[in-house]
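A.B. asks: I'd like to ask some things about the structure below.
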Amino acid sequence: MAGNPKITFIGAGSTVFMKNIIGDVLQRPALSGATIALMDLNPQRLEESAIVVNKLISTLGVKAKAETYSDQRKALSGADFVVVAFQIGGYEPCTVTDFEVPKKYGLRQTIADTLGVGGIMRGLRTVPHLWKVCEDMLAVCPEAIMLQYVNPMAINTWAISEKYPTIRQVGLCHSVQGTAMELAHDLDIPYEEIRYRAAGINHMAFYLKFEHRQADGSYRNLYPDLLRAYREGRAPKPGWNPRCPNKVRYEMLTRLGYFVTESSEHFAEYTPYFIKEGREDLIEKFGIPLDEYPKRCIEQIERWKGQAEAYRSADKIEVTPSKEYASSIINSVWTGEPSVIYGNLRNNGCITSLPENCAAEVPCLVDASGIQPTFIGDLPPQLTALMRTNINVQELTVQALMTENREHIYHAAMMDPHTAAELDLDQIWSLVDDLLAAHGDWLPEWARTNRKVQAA
């Protein structure tokens with residue numbers, strides 16, 4: 001397209017993440033004159049983000065310009081691309097509530113942002129805000145593409161496609177390419193020589209093929225090597241986080257024959273096999289990092305204090321490419337130069353063994369026509385079966401949101417594999433009551449408990 005795109009960033013106070021995405025965008029020649037509209041409700045974080053973007057622009061010597069907004073609809077007006085990255089309720093109070101209330105029932109979690117009672121609650125408080133973005137987009141930029149980086153990704157993507165089917169949206173995560181890099185590292189193979197194809201649902205997609213290009217141009221299946229490396233204790237190698245040794249996924253590889261794309265700490269709470277009352281041996285054997293997400297939040301908040309100061313006083317900001325898909329999507333749509341990404345969209349028959357309306361994660365071709373998911377067909381039956389246990393929870397949470405029927409919140413929790421492995425029905429009902437009461441006004445009106453009960 002001629003001219004320069006307008007890219008609106010909703011939740012621009014996620015400064016480090018925003019810096020990575022906008023840094024990627026501004027390094028692409030066709031996008032270097034973009035208008036970057038930053039919107040956040042927190043004036044201090046918004047100001048910090050504007051400082052960062054302006055320093056990126058001057059470091060790179062590009063013609064882009066930054067604008068700041070506290071009004072969402074004004075920020076979206078005339079946008080070509082909308083990047084959404086917010087966390088409703090933040091670490092405090094909402095994430096703390098998602099962990100502390102279940103703990104009283106003996107229900108322990110690792111991340112709690114995708115599935116389980118934590119993921120359900122996060123979906124209930126997040127989706128209404130995403131819907132509001134959609135409503136504003138329909139009013140002032142109906143053709144824009146929404147690049148959605150918010151958890152719980154599958155619930156969010158599903159809920160948007162149910163209520164606002166005309167919005168052009170994709171849910172983006174970095175677990176597919178991130179895990180492929182980790183596995184290449186585990187096998188001492190350069191990532192550039194790896195070829196893979198993955199599909200499933202967000203945080204539970206599997207590499208259907210994982211191969212190494214040979215000197216003669218043929219490809220060799222790497223699954224036998226991964227299994228051997230695990231059995232011989234050579235994999236997984238230590239990663240970025242010593243608390244998360246990544247053994248769960250390798251164990252699941254030995255049982256399912258395929259490797260999952262999202263981390264072991266996440267996967268441990270999507271299934272009933274690893275976090276069990278009275279089974280400390282499992283926690284130890286697989287290195288399950290309980291309460292991992294709150295620890296990361298605290299570390300991140302601490303790290304940001306120094307980072308914000310450093311950005312404020314720096315003349316230049318170093319820009320290194322990130323592994324996020326946003327800039328290649330924007331570049332492909334804007335210039336027509338094709339690229340392939342992994343995106344979360346309404347399934348629409350791409351994966352024939354999963355429901356039509358669920359949110360599927362598949363390879364997508366991106367060009368001037370937008371984001372086009374590719375056809376996968378049936379998944380291996382054991383993978384389909386495992387995904388369905390998670391889709392049940394997502395579907396019921398979306399149903400609760402669409403129909404404003406509180407009963408479905410309880411049904412969603414009841415169907416959750418990890419919750420059901422630990423708690424009986426009375427405990428599940430009581431836990432949901434307590435979570436709804438504790439979240440109070442962070443939830444949509446229909447989901448809140450009786451005010452009097454709350455006060456008592």
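By convention here, the chains of the structure tokens are called A, B, ... in the order presented, each chain's residues are numbered starting at 1, and ligands are numbered starting at 1 in the order presented.
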Excluding same-chain residues fewer than 5 positions from range 427-430 of chain A, what lies within 7 Å of it counting only C-alpha atoms, as a PyMOL selection string?
C.D. replies: chain A and resi 410+413-414
A.B. asks: Which residues are near Trp158 in chain A? Cut-off 9 Å, only C-alpha atoms, ignore same chain within fewer than 3 positions. Put them as number ranges by chain.
C.D. replies: A: 153-155, 161-163, 345-346, 357-360, 394-395, 398
A.B. asks: Report the distance between CA of Glu404 in chain A and CA of Val133 in chain A in Å, rounded to one decimal place.
C.D. replies: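 Computed distance, CA of Glu404 in chain A to CA of Val133 in chain A, equals 19.1 Å.
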A.B. asks: Give me, as a Markdown table, each residue of range 326-427 of chain A that comes within 9 Å of range 89-108 of chain A, together with its shortest interatomic pair and the distance in Å at one decimal, counting only C-alpha atoms, with rows ordered by chain and rising residue number.
C.D. replies:
| residue | atom | partner | partner_atom | distance |
| --- | --- | --- | --- | --- |
| A:His418 | CA | A:Leu107 | CA | 8.6 |
| A:Thr419 | CA | A:Leu107 | CA | 7.0 |
| A:Glu422 | CA | A:Leu107 | CA | 6.6 |
| A:Leu423 | CA | A:Leu107 | CA | 7.5 |
| A:Gln427 | CA | A:Tyr105 | CA | 7.3 |
A.B. asks: With all heavy atoms retained, could you export that selection as a compact mmCIF listing (two decimals), in the first residue's frame?
C.D. replies:
# COMPACT_ATOMS: atom_id res chain seq x y z
N HIS A 418 -7.17 -30.39 35.63
CA HIS A 418 -6.38 -30.28 36.86
C HIS A 418 -7.27 -30.06 38.08
O HIS A 418 -7.12 -30.71 39.11
CB HIS A 418 -5.35 -29.15 36.71
CG HIS A 418 -4.59 -28.85 37.96
ND1 HIS A 418 -4.05 -29.84 38.76
CD2 HIS A 418 -4.27 -27.67 38.55
CE1 HIS A 418 -3.43 -29.27 39.79
NE2 HIS A 418 -3.56 -27.96 39.69
N THR A 419 -8.26 -29.15 37.95
CA THR A 419 -9.19 -28.88 39.05
C THR A 419 -9.94 -30.15 39.44
O THR A 419 -10.06 -30.49 40.63
CB THR A 419 -10.19 -27.77 38.65
OG1 THR A 419 -9.44 -26.64 38.17
CG2 THR A 419 -11.05 -27.35 39.81
N GLU A 422 -8.15 -32.73 41.51
CA GLU A 422 -7.81 -32.38 42.90
C GLU A 422 -9.02 -32.16 43.81
O GLU A 422 -8.94 -32.39 45.00
CB GLU A 422 -6.99 -31.06 42.89
CG GLU A 422 -5.65 -31.18 42.19
CD GLU A 422 -4.56 -31.71 43.10
OE1 GLU A 422 -4.83 -32.64 43.88
OE2 GLU A 422 -3.44 -31.18 43.04
N LEU A 423 -10.14 -31.65 43.24
CA LEU A 423 -11.26 -31.23 44.10
C LEU A 423 -12.54 -31.98 43.78
O LEU A 423 -12.76 -32.40 42.65
CB LEU A 423 -11.51 -29.72 43.91
CG LEU A 423 -10.33 -28.77 44.14
CD1 LEU A 423 -10.80 -27.32 43.95
CD2 LEU A 423 -9.70 -28.94 45.51
N GLN A 427 -16.37 -28.72 46.56
CA GLN A 427 -15.20 -27.83 46.66
C GLN A 427 -15.10 -26.92 45.43
O GLN A 427 -14.79 -25.74 45.54
CB GLN A 427 -13.91 -28.66 46.78
CG GLN A 427 -13.75 -29.37 48.10
CD GLN A 427 -12.54 -30.30 48.07
OE1 GLN A 427 -12.39 -31.13 47.16
NE2 GLN A 427 -11.66 -30.18 49.05
A.B. asks: Could you check which of A:Phe286, A:Asp281, A:Lys237, A:Glu269 is closest to Gly119 in chain A, using only C-alpha atoms?
C.D. replies: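 Closest candidate: A:Glu269.
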A.B. asks: Have a look at A:Asp136, A:Glu324, A:Glu302, A:Asp416 and name the one nearest to Met18 in chain A; count only C-alpha atoms.
C.D. replies: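 When distances to Met18 in chain A are compared using only C-alpha atoms, the smallest one comes from A:Glu324.
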A.B. asks: With only C-alpha atoms as the counted atoms, please give the residues lying no more than 7 Å from Tyr342 in chain A, apart from itself and same-chain residues fewer than 3 positions off, as a list in words.
C.D. replies: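 Result of the neighbour search: Glu361, Val362, Pro363 and Cys364 of chain A.
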A.B. asks: Got a sec: who's within 12 Å of Trp446 in chain A, counting only C-alpha atoms, leaving out chain neighbours fewer than 5 positions off, as an mmCIF file with C-alpha atoms, in the first residue's frame?
C.D. replies:
data_model
loop_
_atom_site.group_PDB
_atom_site.id
_atom_site.type_symbol
_atom_site.label_atom_id
_atom_site.label_comp_id
_atom_site.auth_asym_id
_atom_site.auth_seq_id
_atom_site.Cartn_x
_atom_site.Cartn_y
_atom_site.Cartn_z
ATOM 1 C CA LEU A 124 -14.100 -13.467 32.420
ATOM 2 C CA ARG A 125 -12.383 -10.215 33.332
ATOM 3 C CA PRO A 128 -15.383 -7.698 27.928
ATOM 4 C CA ALA A 400 -20.808 -18.038 30.057
ATOM 5 C CA LEU A 401 -19.632 -14.764 28.489
ATOM 6 C CA MET A 402 -21.946 -14.944 25.474
ATOM 7 C CA THR A 403 -25.104 -15.899 27.408
ATOM 8 C CA GLU A 404 -24.196 -14.125 30.685
ATOM 9 C CA ASN A 405 -25.108 -17.372 32.406
ATOM 10 C CA ARG A 406 -23.133 -17.743 35.646
ATOM 11 C CA GLU A 407 -23.873 -21.480 35.828
ATOM 12 C CA ILE A 409 -18.564 -20.625 34.994
ATOM 13 C CA LEU A 436 -16.193 -14.505 42.027
ATOM 14 C CA GLY A 440 -15.715 -8.261 42.661
ATOM 15 C CA ASP A 441 -15.781 -5.279 40.285
ATOM 16 C CA ARG A 451 -22.984 -7.394 47.020
#
A.B. asks: Skip Tyr273 in chain A itself and residues of its chain fewer than 6 positions away, then list as a PyMOL selection string all residues within 12 Å of it, counting only C-alpha atoms.
C.D. replies: chain A and resi 248-249+251-252+255+267+279+282-283+286+288+417-422
A.B. asks: Can you write just those residues out, N, CA and C atoms, as a compact mmCIF listing (two decimals), in the first residue's frame?
C.D. replies:
# COMPACT_ATOMS: atom_id res chain seq x y z
N VAL A 248 8.50 -32.05 31.90
CA VAL A 248 7.12 -32.50 31.66
C VAL A 248 6.88 -32.78 30.17
N ARG A 249 7.35 -31.87 29.32
CA ARG A 249 7.07 -32.03 27.88
C ARG A 249 7.81 -33.22 27.29
N GLU A 251 8.58 -35.90 28.96
CA GLU A 251 7.85 -37.08 29.45
C GLU A 251 6.62 -37.32 28.59
N MET A 252 5.88 -36.25 28.26
CA MET A 252 4.69 -36.39 27.41
C MET A 252 5.05 -36.85 26.01
N ARG A 255 5.04 -40.48 25.89
CA ARG A 255 3.70 -41.09 25.99
C ARG A 255 2.87 -40.85 24.73
N PHE A 267 2.21 -26.72 30.80
CA PHE A 267 1.58 -28.01 30.47
C PHE A 267 1.22 -28.82 31.71
N ARG A 279 1.45 -36.09 46.31
CA ARG A 279 2.44 -36.68 45.41
C ARG A 279 3.60 -35.70 45.19
N LEU A 282 6.19 -36.41 42.47
CA LEU A 282 6.01 -35.97 41.07
C LEU A 282 6.52 -34.55 40.88
N ILE A 283 6.22 -33.70 41.88
CA ILE A 283 6.67 -32.30 41.82
C ILE A 283 8.20 -32.28 41.71
N PHE A 286 9.70 -34.11 38.25
CA PHE A 286 9.54 -33.34 37.01
C PHE A 286 9.88 -31.86 37.18
N ILE A 288 8.35 -29.41 38.92
CA ILE A 288 7.17 -28.56 38.66
C ILE A 288 7.30 -27.27 39.46
N PRO A 417 -9.32 -30.29 33.68
CA PRO A 417 -8.64 -31.53 34.06
C PRO A 417 -7.91 -31.46 35.40
N HIS A 418 -7.17 -30.39 35.63
CA HIS A 418 -6.38 -30.28 36.86
C HIS A 418 -7.27 -30.06 38.08
N THR A 419 -8.26 -29.15 37.95
CA THR A 419 -9.19 -28.88 39.05
C THR A 419 -9.94 -30.15 39.44
N ALA A 420 -10.43 -30.87 38.42
CA ALA A 420 -11.22 -32.08 38.68
C ALA A 420 -10.38 -33.19 39.30
N ALA A 421 -9.07 -33.20 39.02
CA ALA A 421 -8.19 -34.23 39.59
C ALA A 421 -7.93 -33.98 41.07
N GLU A 422 -8.15 -32.73 41.51
CA GLU A 422 -7.81 -32.38 42.90
C GLU A 422 -9.02 -32.16 43.81
A.B. asks: Give me the residues near Arg73 in chain A as a VMD selection string, where near means some atom within 10 Å (using only C-alpha atoms) and where sequence neighbours in that chain fewer than 6 positions away do not count.
C.D. replies: chain A and resid 39 132 to 133 135 to 137 139 to 141
A.B. asks: Taking only range 308-355 of chain A into account, list the residues labelled strand (DSSP E) by DSSP (computed from the backbone), as a list in words.
C.D. replies: Ser339, Val340, Ile341, Tyr342, Gly343, Asn344, Leu345 and Arg346 of chain A
A.B. asks: To one decimal place, how far is CA of Ile22 in chain A from CA of Ala159 in chain A in Å?
C.D. replies: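 The value is 26.9 Å.
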A.B. asks: Give me, please, the distance in Å between CA of Glu211 in chain A and CA of Arg195 in chain A, quoted to one decimal.
C.D. replies: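 Between these atoms lies a distance of 5.1 Å.
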